[in-house]
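One file, entry_36.txt, carrying compact mmCIF, C-alpha atoms:
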# COMPACT_ATOMS: atom_id res chain seq x y z
CA MET A 1 140.52 104.83 123.67
CA PRO A 2 137.73 107.04 125.05
CA PRO A 3 134.16 106.00 124.37
CA ARG A 4 132.74 107.21 121.12
CA ILE A 5 129.13 108.06 120.64
CA VAL A 6 127.82 107.51 117.14
CA THR A 7 124.48 108.72 115.87
CA VAL A 8 122.80 105.93 113.95
CA ARG A 9 119.14 106.88 113.41
CA GLN A 10 118.25 103.62 111.71
CA ASN A 11 114.96 101.80 111.67
CA ILE A 12 115.29 98.76 113.91
CA LEU A 13 113.11 96.72 111.54
CA LYS A 14 115.05 97.66 108.41
CA ALA A 15 115.99 94.02 107.74
CA ASN A 16 112.29 93.11 107.76
CA ASP A 17 111.46 96.07 105.55
CA HIS A 18 114.17 94.99 103.11
CA THR A 19 112.77 91.46 102.90
CA ALA A 20 109.25 92.88 102.58
CA ALA A 21 110.42 94.92 99.59
CA GLU A 22 111.77 91.72 98.00
CA ASN A 23 108.43 89.99 98.60
CA ARG A 24 106.59 92.97 97.13
CA ALA A 25 108.80 92.88 94.04
CA ALA A 26 108.17 89.13 93.63
CA PHE A 27 104.40 89.64 93.90
CA ARG A 28 104.48 92.50 91.44
CA ALA A 29 106.59 90.59 88.94
CA ALA A 30 104.13 87.69 89.05
CA GLY A 31 101.06 89.93 88.98
CA VAL A 32 99.87 88.66 92.34
CA ARG A 33 97.86 90.82 94.72
CA ALA A 34 98.94 89.96 98.29
CA ILE A 35 96.54 90.79 101.10
CA ASN A 36 97.52 90.69 104.78
CA LEU A 37 94.60 89.85 107.08
CA VAL A 38 95.02 90.79 110.73
CA SER A 39 92.67 90.70 113.70
CA SER A 40 92.38 89.52 117.27
CA PRO A 41 91.97 85.74 117.71
CA GLY A 42 88.48 84.62 116.82
CA ALA A 43 87.41 87.67 114.83
CA GLY A 44 86.67 85.46 111.84
CA LYS A 45 89.71 85.60 109.55
CA THR A 46 89.52 81.93 108.61
CA ALA A 47 85.75 82.05 108.18
CA LEU A 48 86.08 85.03 105.84
CA LEU A 49 88.81 83.25 103.90
CA GLU A 50 86.64 80.14 103.55
CA ARG A 51 83.83 82.31 102.24
CA THR A 52 86.23 84.08 99.88
CA LEU A 53 87.53 80.80 98.45
CA ARG A 54 83.97 79.57 98.01
CA ASP A 55 82.64 82.76 96.41
CA LEU A 56 85.61 83.79 94.29
CA GLY A 57 87.43 80.50 93.77
CA SER A 58 86.02 79.98 90.28
CA GLU A 59 86.72 83.56 89.19
CA LEU A 60 90.16 84.21 90.68
CA ARG A 61 93.18 81.99 91.21
CA LEU A 62 93.46 82.21 95.00
CA ALA A 63 95.88 80.73 97.51
CA VAL A 64 96.42 81.23 101.21
CA ALA A 65 99.40 81.28 103.57
CA VAL A 66 98.28 80.92 107.16
CA GLY A 67 100.29 81.92 110.19
CA ASP A 68 99.59 80.10 113.42
CA LEU A 69 101.57 79.49 116.58
CA ALA A 70 101.11 75.76 116.74
CA THR A 71 98.47 74.01 114.68
CA GLU A 72 97.83 73.13 111.04
CA ASN A 73 94.07 73.38 111.60
CA ASP A 74 93.40 76.53 109.62
CA ALA A 75 95.26 75.39 106.51
CA ALA A 76 93.39 72.08 106.59
CA ARG A 77 90.09 73.95 106.91
CA LEU A 78 90.93 76.12 103.90
CA ARG A 79 92.11 73.27 101.67
CA GLN A 80 88.58 71.87 101.76
CA TRP A 81 87.65 74.62 99.34
CA GLY A 82 90.12 73.40 96.76
CA ALA A 83 92.70 76.17 97.08
CA GLN A 84 96.33 75.74 97.95
CA ALA A 85 96.80 76.65 101.62
CA GLU A 86 100.19 76.53 103.27
CA GLN A 87 100.74 76.80 106.98
CA ILE A 88 103.47 78.95 108.48
CA VAL A 89 103.96 77.61 112.00
CA THR A 90 105.46 80.52 113.90
CA GLY A 91 106.28 78.61 117.09
CA THR A 92 106.29 81.09 119.92
CA VAL A 93 106.37 84.11 117.64
CA CYS A 94 103.16 86.13 117.82
CA HIS A 95 103.21 87.63 114.31
CA LEU A 96 104.22 86.89 110.73
CA ASP A 97 107.30 88.67 109.48
CA ALA A 98 108.54 89.18 105.94
CA ALA A 99 111.14 86.41 106.20
CA MET A 100 108.53 83.83 107.21
CA VAL A 101 106.46 84.78 104.17
CA GLN A 102 109.53 84.69 101.94
CA GLY A 103 110.28 81.23 103.31
CA VAL A 104 106.91 79.85 102.26
CA LEU A 105 106.78 81.47 98.80
CA PRO A 106 108.73 78.68 97.01
CA ARG A 107 105.83 76.35 97.81
CA PHE A 108 103.56 78.47 95.59
CA ASP A 109 103.61 78.91 91.83
CA LEU A 110 103.09 82.67 91.91
CA SER A 111 102.74 82.86 88.14
CA ALA A 112 99.60 80.73 88.45
CA LEU A 113 97.95 82.98 91.05
CA ASP A 114 95.93 86.20 91.06
CA VAL A 115 95.64 86.73 94.80
CA LEU A 116 97.65 85.45 97.75
CA LEU A 117 95.85 85.85 101.05
CA LEU A 118 98.16 86.04 104.07
CA GLU A 119 96.32 85.14 107.26
CA ASN A 120 98.35 86.63 110.09
CA VAL A 121 98.55 85.32 113.66
CA GLY A 122 95.52 86.42 115.68
CA ASN A 123 96.92 89.43 117.52
CA LEU A 124 96.12 93.13 117.29
CA VAL A 125 99.49 94.38 118.50
CA CYS A 126 102.59 92.74 117.10
CA PRO A 127 101.66 92.17 113.43
CA SER A 128 101.26 95.93 112.98
CA SER A 129 105.04 96.41 113.10
CA TYR A 130 105.82 93.95 110.32
CA ASP A 131 105.38 94.77 106.65
CA LEU A 132 105.07 91.47 104.79
CA GLY A 133 105.26 92.98 101.32
CA GLU A 134 101.49 92.98 100.94
CA ALA A 135 99.63 95.25 98.54
CA ALA A 136 96.91 95.87 101.09
CA ARG A 137 96.23 95.23 104.75
CA ALA A 138 92.76 94.31 105.97
CA VAL A 139 92.07 94.67 109.69
CA LEU A 140 89.07 92.69 110.93
CA ILE A 141 86.99 93.52 113.99
CA SER A 142 83.95 91.45 114.96
CA THR A 143 80.72 92.81 116.36
CA THR A 144 81.22 90.64 119.45
CA GLU A 145 84.49 92.14 120.62
CA GLY A 146 83.64 95.70 121.61
CA GLU A 147 83.35 98.97 119.75
CA ASP A 148 86.43 100.51 121.39
CA LYS A 149 88.96 98.05 119.94
CA PRO A 150 90.17 100.60 117.36
CA LEU A 151 91.12 103.00 120.16
CA LYS A 152 92.71 100.28 122.27
CA TYR A 153 94.84 99.11 119.36
CA PRO A 154 95.36 102.35 117.41
CA THR A 155 98.59 101.26 115.76
CA MET A 156 97.02 98.25 114.11
CA PHE A 157 93.98 100.13 112.89
CA ASN A 158 96.21 102.97 111.75
CA THR A 159 97.96 100.63 109.30
CA ALA A 160 94.71 99.38 107.73
CA ASP A 161 93.85 99.86 104.08
CA VAL A 162 90.38 98.56 104.85
CA VAL A 163 88.61 97.72 108.10
CA VAL A 164 86.18 94.81 107.96
CA ILE A 165 83.46 94.50 110.62
CA THR A 166 82.65 90.79 110.76
CA LYS A 167 79.82 88.77 112.35
CA MET A 168 77.21 91.38 111.44
CA ASP A 169 74.62 88.60 111.83
CA LEU A 170 75.29 88.80 115.58
CA ALA A 171 75.12 92.60 115.79
CA ASP A 172 71.63 92.80 117.25
CA ALA A 173 72.16 89.96 119.70
CA VAL A 174 75.21 91.65 121.23
CA GLU A 175 73.71 95.17 120.91
CA PHE A 176 76.58 96.22 118.69
CA ASP A 177 76.79 100.02 118.42
CA ARG A 178 77.57 100.37 114.75
CA ALA A 179 77.88 104.18 114.72
CA LEU A 180 80.25 104.18 117.71
CA CYS A 181 82.40 101.45 116.19
CA ARG A 182 82.64 103.33 112.90
CA GLU A 183 83.48 106.56 114.72
CA ASN A 184 86.28 104.82 116.63
CA ILE A 185 87.63 103.27 113.44
CA ASP A 186 87.66 106.72 111.86
CA ARG A 187 89.49 108.13 114.89
CA ALA A 188 92.20 105.50 114.58
CA ARG A 189 92.46 105.85 110.80
CA PRO A 190 90.61 108.88 109.45
CA GLY A 191 88.96 108.16 106.12
CA VAL A 192 89.69 104.42 105.98
CA PRO A 193 87.01 102.45 104.07
CA VAL A 194 84.89 100.13 106.21
CA ILE A 195 83.10 96.97 105.08
CA GLU A 196 80.39 95.34 107.18
CA LEU A 197 79.74 91.69 106.46
CA SER A 198 78.71 88.30 107.70
CA SER A 199 80.74 85.39 106.41
CA LYS A 200 78.14 83.00 107.75
CA ARG A 201 75.10 84.63 106.12
CA GLY A 202 76.96 85.88 103.08
CA THR A 203 75.91 89.51 103.49
CA GLY A 204 78.15 92.44 102.58
CA LEU A 205 80.46 90.29 100.54
CA ASP A 206 80.23 92.28 97.31
CA ALA A 207 82.38 95.06 98.75
CA TRP A 208 84.84 92.54 100.18
CA SER A 209 85.08 90.72 96.84
CA ALA A 210 85.81 94.03 95.11
CA PHE A 211 88.56 94.73 97.64
CA VAL A 212 90.06 91.27 97.04
CA ARG A 213 90.06 91.92 93.30
CA GLY A 214 91.73 95.29 93.89
CA GLU A 215 88.72 97.22 92.62
CA ARG A 216 86.96 100.20 94.12
CA PHE A 217 84.11 99.31 96.44
CA MET B 1 104.52 90.75 123.06
CA HIS B 2 106.98 91.00 120.21
CA GLU B 3 109.56 93.03 122.11
CA ALA B 4 112.01 90.11 122.16
CA SER B 5 111.86 90.05 118.35
CA ILE B 6 112.38 93.82 118.37
CA ALA B 7 115.34 93.48 120.77
CA LEU B 8 116.95 90.88 118.48
CA SER B 9 116.50 93.13 115.46
CA LEU B 10 117.94 96.04 117.42
CA ILE B 11 121.01 93.95 118.27
CA ASP B 12 121.43 92.98 114.60
CA VAL B 13 121.37 96.62 113.50
CA ALA B 14 123.78 97.59 116.32
CA ARG B 15 126.25 94.81 115.40
CA GLU B 16 126.33 96.10 111.86
CA VAL B 17 127.16 99.61 113.13
CA LEU B 18 129.88 98.21 115.39
CA ARG B 19 131.42 96.41 112.43
CA GLU B 20 131.35 99.57 110.31
CA HIS B 21 133.18 101.45 113.07
CA GLY B 22 135.60 98.65 113.88
CA ALA B 23 134.36 98.61 117.46
CA ALA B 24 134.26 95.49 119.60
CA ARG B 25 131.49 96.35 122.00
CA ALA B 26 128.82 98.87 122.85
CA ARG B 27 128.53 100.29 126.33
CA ALA B 28 125.23 102.05 125.85
CA VAL B 29 122.46 102.11 123.30
CA THR B 30 119.67 104.63 122.83
CA VAL B 31 116.49 103.85 120.94
CA ARG B 32 113.56 106.03 120.00
CA VAL B 33 110.15 104.41 120.45
CA GLY B 34 107.09 106.24 119.14
CA GLN B 35 103.80 106.07 120.97
CA TRP B 36 102.24 104.73 117.76
CA SER B 37 104.94 102.11 117.16
CA SER B 38 103.08 99.35 119.05
CA VAL B 39 106.23 98.66 121.08
CA VAL B 40 105.98 98.81 124.86
CA PRO B 41 109.16 100.44 126.26
CA GLU B 42 109.02 98.49 129.53
CA ALA B 43 108.74 95.18 127.69
CA LEU B 44 111.67 96.11 125.45
CA GLU B 45 113.74 97.01 128.52
CA ALA B 46 112.85 93.67 130.07
CA ALA B 47 113.69 91.66 126.95
CA PHE B 48 116.91 93.40 125.98
CA PRO B 49 119.43 92.07 128.56
CA ALA B 50 118.62 88.42 127.86
CA CYS B 51 118.64 88.97 124.09
CA ALA B 52 122.01 90.76 124.33
CA GLU B 53 123.70 87.91 126.19
CA GLY B 54 126.67 86.58 124.26
CA THR B 55 126.62 89.52 121.82
CA PRO B 56 128.76 92.67 121.69
CA LEU B 57 125.86 94.42 123.40
CA GLU B 58 125.93 92.22 126.48
CA GLY B 59 125.70 94.41 129.56
CA ALA B 60 125.08 97.56 127.52
CA HIS B 61 122.79 100.13 129.06
CA LEU B 62 119.57 100.61 127.11
CA SER B 63 117.97 104.06 127.13
CA ILE B 64 114.58 104.50 125.57
CA VAL B 65 113.38 107.88 124.33
CA ARG B 66 109.60 107.89 124.14
CA VAL B 67 108.38 109.90 121.18
CA PRO B 68 104.85 111.30 121.48
CA GLY B 69 102.50 111.29 118.50
CA VAL B 70 102.21 114.56 116.64
CA GLY B 71 99.54 115.13 114.02
CA GLU B 72 98.85 117.95 111.60
CA CYS B 73 95.58 119.65 112.51
CA PRO B 74 93.97 121.70 109.70
CA ASN B 75 93.06 124.37 112.29
CA HIS B 76 95.91 124.28 114.79
CA GLY B 77 98.92 122.99 112.86
CA PRO B 78 101.13 120.39 114.54
CA VAL B 79 99.50 119.13 117.75
CA GLU B 80 100.56 116.51 120.27
CA LEU B 81 98.06 113.68 120.12
CA ASP B 82 96.34 111.81 122.90
CA VAL B 83 96.61 108.13 121.98
CA THR B 84 93.24 107.31 123.58
CA ARG B 85 91.45 109.71 121.22
CA GLY B 86 93.04 108.40 118.06
CA LEU B 87 94.21 110.65 115.24
CA ARG B 88 92.11 113.67 116.26
CA CYS B 89 93.21 117.12 117.32
CA PRO B 90 92.98 117.33 121.13
CA LEU B 91 91.82 120.96 120.81
CA CYS B 92 89.09 120.77 118.16
CA ASP B 93 88.65 117.03 117.38
CA ALA B 94 89.46 117.53 113.68
CA PRO B 95 90.91 114.41 112.00
CA THR B 96 94.69 114.51 111.72
CA PRO B 97 95.25 111.62 109.32
CA THR B 98 98.99 112.10 108.97
CA LEU B 99 101.31 111.23 111.81
CA LEU B 100 104.18 113.74 111.73
CA GLN B 101 106.00 111.81 114.42
CA GLY B 102 105.29 109.01 116.82
CA ASP B 103 105.68 105.87 114.69
CA GLU B 104 109.46 105.68 115.16
CA LEU B 105 111.26 102.53 116.13
CA GLU B 106 114.85 103.58 115.70
CA LEU B 107 118.31 102.83 116.93
CA ASP B 108 119.33 106.40 117.72
CA GLU B 109 122.81 106.29 119.27
CA LEU B 110 125.49 103.82 120.25
CA GLU B 111 128.30 104.39 122.70
CA LEU B 112 131.20 102.33 121.43
CA THR B 113 134.13 101.03 123.44
Please rewrite the model in this file as structure tokens.
Amino acid sequence: MPPRIVTVRQNILKANDHTAAENRAAFRAAGVRAINLVSSPGAGKTALLERTLRDLGSELRLAVAVGDLATENDAARLRQWGAQAEQIVTGTVCHLDAAMVQGVLPRFDLSALDVLLLENVGNLVCPSSYDLGEAARAVLISTTEGEDKPLKYPTMFNTADVVVITKMDLADAVEFDRALCRENIDRARPGVPVIELSSKRGTGLDAWSAFVRGERF
Amino acid sequence: MHEASIALSLIDVAREVLREHGAARARAVTVRVGQWSSVVPEALEAAFPACAEGTPLEGAHLSIVRVPGVGECPNHGPVELDVTRGLRCPLCDAPTPTLLQGDELELDELELT
């Protein structure tokens, strides 16, 4: 039989997208707002989550699923604040995917939650390809890592529903160019809302809290 | 580096197509990778042969079509974007928030045997 060429035109990640849709339906049915936090390693995802649990833990029913290549450290850090935190150890995989999130969901009682925070693996490339079923994606960039990150990693910033500039308490020390950073964010994702905060000092957290609640900010 | 994960997903989608067509193997596979897809074509090419080992795609030739980003400029209509400038018109720097093409990650064609 001669070779046959068939036109397929299918999304390679359709299996992930299918699972993400299932996750999204599960979150919606339970009334849970799922937020996917992505950033480079060390941008302050865990610190912001600790602050969030501390500030909003009495108002909202919060829980966290944390992706990490090897350790349980982040989940342990977050449990100190009294919230359920489950670790997803990804092994050698550099991102969370929808199936990993689906796998950890049975450990949560979704009906008893308002917000599920999904802390992705620290990586500004790979997580951008994988929809987890989240309602919103927050991309973090710290003042210490360079104003051009949004242009170096345009795909990640282009998927953001909000961009959070962290470590604002260090902005002066590292001569952070706030206007340039905001311009680059707007180039990568025109019109995306930007929040500037310091998890350590507790500044700028009103806007972040509103975003977590799903309110305008 | 998630191109091995991408290669495995590609093989899963291809196997499904092979099954639908009652074909045993694929000789060649073409994928479309957008410049905004966050997939590096060279890394996908490097990962694919090892991921395909022991599958109906083992030994298949992988062709990658690179799809440039195209945005809709309010002044110039569809324009090819320069990834280093973000979603801005290369002619007038106007924001082009919508990507008309360039975020593809698609299995385009399979040559069945």
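Atom CA of A:Asn16 to atom CA of A:Ser129 spans 9.6 Å [interatomic distance, one decimal].
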Could you give me, as a VMD selection string, the residues within 6 Å of stretch 70-85 of chain B, counting only C-alpha atoms and dropping anything in the same chain fewer than 3 positions from it?
(chain A and resid 151) or (chain B and resid 89 96 98 to 101)
Can I get the selected residues back with C-alpha atoms, as a compact mmCIF listing (two decimals), in the coordinates of the input?
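Saved file part.txt follows:
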# COMPACT_ATOMS: atom_id res chain seq x y z
CA LEU A 151 91.12 103.00 120.16
CA CYS B 89 93.21 117.12 117.32
CA THR B 96 94.69 114.51 111.72
CA THR B 98 98.99 112.10 108.97
CA LEU B 99 101.31 111.23 111.81
CA LEU B 100 104.18 113.74 111.73
CA GLN B 101 106.00 111.81 114.42
Mind pulling up the distance from atom CA of B:Ala24 to atom CA of B:Ile11?
13.4 Å
Need to verify the contact set: A:Cys181, 9 Å, all atoms listed in the file, exclusion of same-chain residues closer than 6 positions in sequence. Can you return it as a PyMOL selection string?
chain A and resi 143+146-150+165
What lies within 12 Å of B:Leu107 using all atoms listed in the file, ignoring chain neighbours under 6 positions off, as a ChimeraX atom specification?
/A:6-14 /B:6-7,9-17,28-34,62-65
Shell of 8 Å around stretch 65-72 of chain A, only C-alpha atoms, local chain residues under 3 positions omitted, as an mmCIF file with C-alpha atoms, in the coordinates of the input:
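Written out: out-v6.cif:
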data_model
loop_
_atom_site.group_PDB
_atom_site.id
_atom_site.type_symbol
_atom_site.label_atom_id
_atom_site.label_comp_id
_atom_site.auth_asym_id
_atom_site.auth_seq_id
_atom_site.Cartn_x
_atom_site.Cartn_y
_atom_site.Cartn_z
ATOM 1 C CA ALA A 75 95.260 75.390 106.510
ATOM 2 C CA ALA A 76 93.390 72.080 106.590
ATOM 3 C CA ALA A 85 96.800 76.650 101.620
ATOM 4 C CA GLU A 86 100.190 76.530 103.270
ATOM 5 C CA GLN A 87 100.740 76.800 106.980
ATOM 6 C CA ILE A 88 103.470 78.950 108.480
ATOM 7 C CA VAL A 89 103.960 77.610 112.000
ATOM 8 C CA THR A 90 105.460 80.520 113.900
ATOM 9 C CA GLY A 91 106.280 78.610 117.090
ATOM 10 C CA THR A 92 106.290 81.090 119.920
ATOM 11 C CA VAL A 93 106.370 84.110 117.640
ATOM 12 C CA CYS A 94 103.160 86.130 117.820
ATOM 13 C CA HIS A 95 103.210 87.630 114.310
ATOM 14 C CA LEU A 96 104.220 86.890 110.730
ATOM 15 C CA VAL A 101 106.460 84.780 104.170
ATOM 16 C CA VAL A 104 106.910 79.850 102.260
ATOM 17 C CA LEU A 116 97.650 85.450 97.750
ATOM 18 C CA LEU A 117 95.850 85.850 101.050
ATOM 19 C CA LEU A 118 98.160 86.040 104.070
ATOM 20 C CA GLU A 119 96.320 85.140 107.260
ATOM 21 C CA ASN A 120 98.350 86.630 110.090
ATOM 22 C CA VAL A 121 98.550 85.320 113.660
ATOM 23 C CA GLY A 122 95.520 86.420 115.680
#
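Interatomic distance, atom CA of A:Asp114 to atom CA of A:Val32: 4.8 Å.
Once A:Ser198 and its same-chain neighbours fewer than 5 positions away are set aside, Ala43, Gly44, Lys45, Ala47, Leu48, Leu49, Arg51, Thr52, Leu140, Ile141, Ser142, Thr143, Val164, Ile165, Thr166, Lys167, Met168, Asp169, Leu170, Ala171, Thr203, Gly204, Leu205, Asp206, Ala207 and Trp208 of chain A remain within 12 Å of it when counting all atoms listed in the file.
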